[in-house]
Amino acid sequence: GPGWKTYWRNPGESGAPPRLDWSASGNLKTVEVHWPAPQRFSSFGFDSFGYHDEVVLPVLLTVAAPSRVTTARLKLDYMVCAQVCIPMQAELALDLPATVAGATGAIAAKAAPSNFAPLIQRYLDQAPQPAAKVGLAIKSAMVSGPPGEQILQITGHSEPPFAAPDLMVEGPEPFGFGRPKMTYGAGRHEVSMALPVYAGTGKAKLTTQMLTLTMVDGHRAVERRVILGQ
């Protein structure tokens with residue numbers, strides 16, 4: 001609701017991500033959550049990533065055997081925050097009928113879109129998309145500086161001028177990443193982002209680890225996995 005927020009898959013420096021437990025389901029092969037572009041929230045000197053007021057998490061379910069009934073059962077743990085944070089839990093159920101193959105092998109049963117289809121599609125479009133579709137691209141990634149004082153440097157390109165871009169970085173323990181410092185090129189079509197690397201008490205060195213980079217600008221988002229040094 002208005003004034004409340006919840007968290008992305010990576011909550012940042014505070015909070016907790018949603019936990020989706022599908023273990024009670026039957027005939028499910030795969031579950032793929034499409035996370036819409038998150039926002040950065042800052043409070044008490046800590047940055048977190050998530051959504052305010054409303055969010056829909058589109059989920060793509062793949063059934064194991066189309067000829068069998070599918071029982072999707074979700075136990076969802078999540079946190080909502082305003083002045084305080086409140087842990088929430090929901091149990092959701094969806095039953096999908098078996099599809100029957102006709103004599104030609106064609107699928108005879110096809111579900112009609114529900115009234116929620118436009119809402120789901122709106123948030124699906126806010127999930128990371130191919131660079132060409134949204135005119136947004138992560139161009140390069142490199143790291144510099146001594147252990148404990150490293151800087152992650154990311155460059156990006158946008159066909160329309162950048163409005164208010166941000167970058168979320170997911171990497172292995174013990175690494176964390178601060179707020180990016182932006183430098184724009186002419187016309188704001190290019191951006192260079194410099195993020196401080198937090199390396200824990202042991203001052204680990206970020207070298208060839210895999211990072212997942214999510215660049216957002218408003219509702220546009222792209223995602224790229226990079227291995228530094230390659």
# chains A, B, ... in the order shown; residues from 1 in each chain; ligands from 1

$ select_by_dssp --residues "range 4-220 of chain A" --states "alpha helix (DSSP H)" --output "list in words"
Ala117, Pro118, Leu119, Ile120, Gln121, Arg122, Tyr123, Leu124, Ala131, Ala132, Lys133 and Val134 of chain A

$ residues_around --residues "Arg9 in chain A" --least-positions-apart "6" --cutoff "12 Å" --atoms "only C-alpha atoms" --output "number ranges by chain"
A: 15-20, 33-39, 48-51, 57, 78-79, 168-170, 214

$ select_by_dssp --residues "range 23-219 of chain A" --states "strand (DSSP E or B)" --output "PyMOL selection string"
chain A and resi 26+28-33+39-43+46-52+59-63+70-81+85-96+101+107+136-144+151-158+165-170+176-177+181-184+190-198+210-217

$ write_last_selection --atoms "C-alpha atoms" --output "compact mmCIF listing (two decimals), in the first residue's frame"
# COMPACT_ATOMS: atom_id res chain seq x y z
CA GLY A 26 3.18 -31.21 -7.89
CA LEU A 28 6.32 -28.46 -11.61
CA LYS A 29 9.54 -28.67 -13.61
CA THR A 30 10.97 -25.15 -13.28
CA VAL A 31 10.06 -21.83 -11.67
CA GLU A 32 11.52 -18.57 -13.00
CA VAL A 33 10.87 -15.27 -11.23
CA GLN A 39 14.72 1.24 -6.76
CA ARG A 40 17.35 2.33 -4.24
CA PHE A 41 16.10 3.41 -0.82
CA SER A 42 18.32 5.22 1.68
CA SER A 43 17.68 5.48 5.40
CA PHE A 46 22.10 2.39 4.65
CA ASP A 47 21.01 1.69 1.07
CA SER A 48 18.51 -1.02 0.22
CA PHE A 49 16.84 -2.13 -3.01
CA GLY A 50 13.16 -2.80 -3.56
CA TYR A 51 9.75 -1.49 -4.49
CA HIS A 52 7.31 1.01 -3.02
CA VAL A 59 6.58 -16.03 -12.39
CA LEU A 60 7.02 -18.42 -15.30
CA LEU A 61 6.04 -21.97 -14.37
CA THR A 62 7.04 -24.91 -16.55
CA VAL A 63 5.16 -28.15 -15.99
CA THR A 70 -0.28 -29.41 -12.03
CA THR A 71 -0.69 -28.19 -8.46
CA ALA A 72 1.38 -25.06 -7.84
CA ARG A 73 1.74 -24.32 -4.13
CA LEU A 74 3.72 -21.28 -2.95
CA LYS A 75 4.72 -20.39 0.59
CA LEU A 76 5.87 -16.78 0.43
CA ASP A 77 7.79 -15.00 3.17
CA TYR A 78 8.42 -11.31 2.65
CA MET A 79 8.92 -8.10 4.55
CA VAL A 80 7.09 -4.79 4.26
CA CYS A 81 8.49 -1.61 5.77
CA CYS A 85 9.38 -3.53 9.18
CA ILE A 86 6.79 -6.27 9.46
CA PRO A 87 7.41 -9.87 8.35
CA MET A 88 4.56 -11.24 6.25
CA GLN A 89 3.61 -14.69 5.03
CA ALA A 90 1.22 -15.86 2.36
CA GLU A 91 0.25 -19.26 0.99
CA LEU A 92 -0.91 -19.28 -2.62
CA ALA A 93 -2.36 -22.08 -4.72
CA LEU A 94 -2.93 -22.53 -8.44
CA ASP A 95 -4.28 -25.67 -10.11
CA LEU A 96 -3.56 -26.13 -13.82
CA ALA A 101 -3.10 -33.79 -27.27
CA ILE A 107 -2.54 -29.11 -27.78
CA LEU A 136 20.06 0.44 -22.62
CA ALA A 137 23.34 -1.46 -22.39
CA ILE A 138 26.12 -2.27 -19.94
CA LYS A 139 29.26 -1.84 -22.03
CA SER A 140 32.23 -2.68 -19.81
CA ALA A 141 33.29 -3.60 -16.28
CA MET A 142 36.71 -3.37 -14.63
CA VAL A 143 38.16 -3.03 -11.15
CA SER A 144 41.10 -0.95 -9.97
CA ILE A 151 36.73 0.75 -7.23
CA LEU A 152 34.40 -1.08 -9.62
CA GLN A 153 34.05 0.88 -12.85
CA ILE A 154 31.08 0.27 -15.13
CA THR A 155 30.23 2.02 -18.39
CA GLY A 156 26.79 2.13 -19.93
CA HIS A 157 25.02 3.44 -23.02
CA SER A 158 21.44 4.63 -23.50
CA PRO A 165 20.37 5.63 -13.82
CA ASP A 166 21.48 3.33 -11.04
CA LEU A 167 23.40 0.08 -10.77
CA MET A 168 22.88 -2.89 -8.48
CA VAL A 169 25.76 -5.36 -8.16
CA GLU A 170 25.46 -8.93 -6.88
CA GLY A 176 29.55 -5.45 -1.15
CA PHE A 177 29.24 -2.42 -3.39
CA LYS A 181 29.34 7.98 -8.64
CA MET A 182 28.15 9.07 -12.09
CA THR A 183 30.03 10.80 -14.88
CA TYR A 184 28.06 11.49 -18.06
CA GLU A 190 27.04 7.52 -22.04
CA VAL A 191 27.65 7.04 -18.34
CA SER A 192 30.62 5.93 -16.28
CA MET A 193 29.82 4.59 -12.83
CA ALA A 194 32.41 4.23 -10.08
CA LEU A 195 31.36 2.07 -7.12
CA PRO A 196 33.40 1.52 -3.94
CA VAL A 197 34.05 -2.17 -3.25
CA TYR A 198 33.51 -3.27 0.35
CA MET A 210 31.49 -13.43 -11.40
CA LEU A 211 29.24 -10.42 -10.83
CA THR A 212 25.62 -9.87 -11.84
CA LEU A 213 25.07 -6.26 -12.87
CA THR A 214 21.59 -4.76 -13.09
CA MET A 215 21.44 -1.30 -14.64
CA VAL A 216 18.15 0.56 -14.25
CA ASP A 217 16.86 3.89 -15.48

$ closest_residue --among "A:Ala204, A:Ala24, A:Ala221, A:Ala98" --to "Pro146 in chain A" --atoms "only C-alpha atoms"
A:Ala204

$ atom_distance --atom1 "CA of Asp53 in chain A" --atom2 "CA of Gly218 in chain A"
15.5 Å

$ closest_residue --among "A:Ala186, A:Gly171, A:Pro147, A:Asp125" --to "Gly202 in chain A" --atoms "only C-alpha atoms"
A:Pro147

$ closest_residue --among "A:Leu206, A:Val56, A:Val222, A:Ala82" --to "Arg122 in chain A" --atoms "only C-alpha atoms"
A:Val56

$ atom_distance --atom1 "CA of Thr201 in chain A" --atom2 "CA of Pro172 in chain A"
15.0 Å

$ atom_distance --atom1 "CA of Val84 in chain A" --atom2 "CA of Arg179 in chain A"
23.7 Å
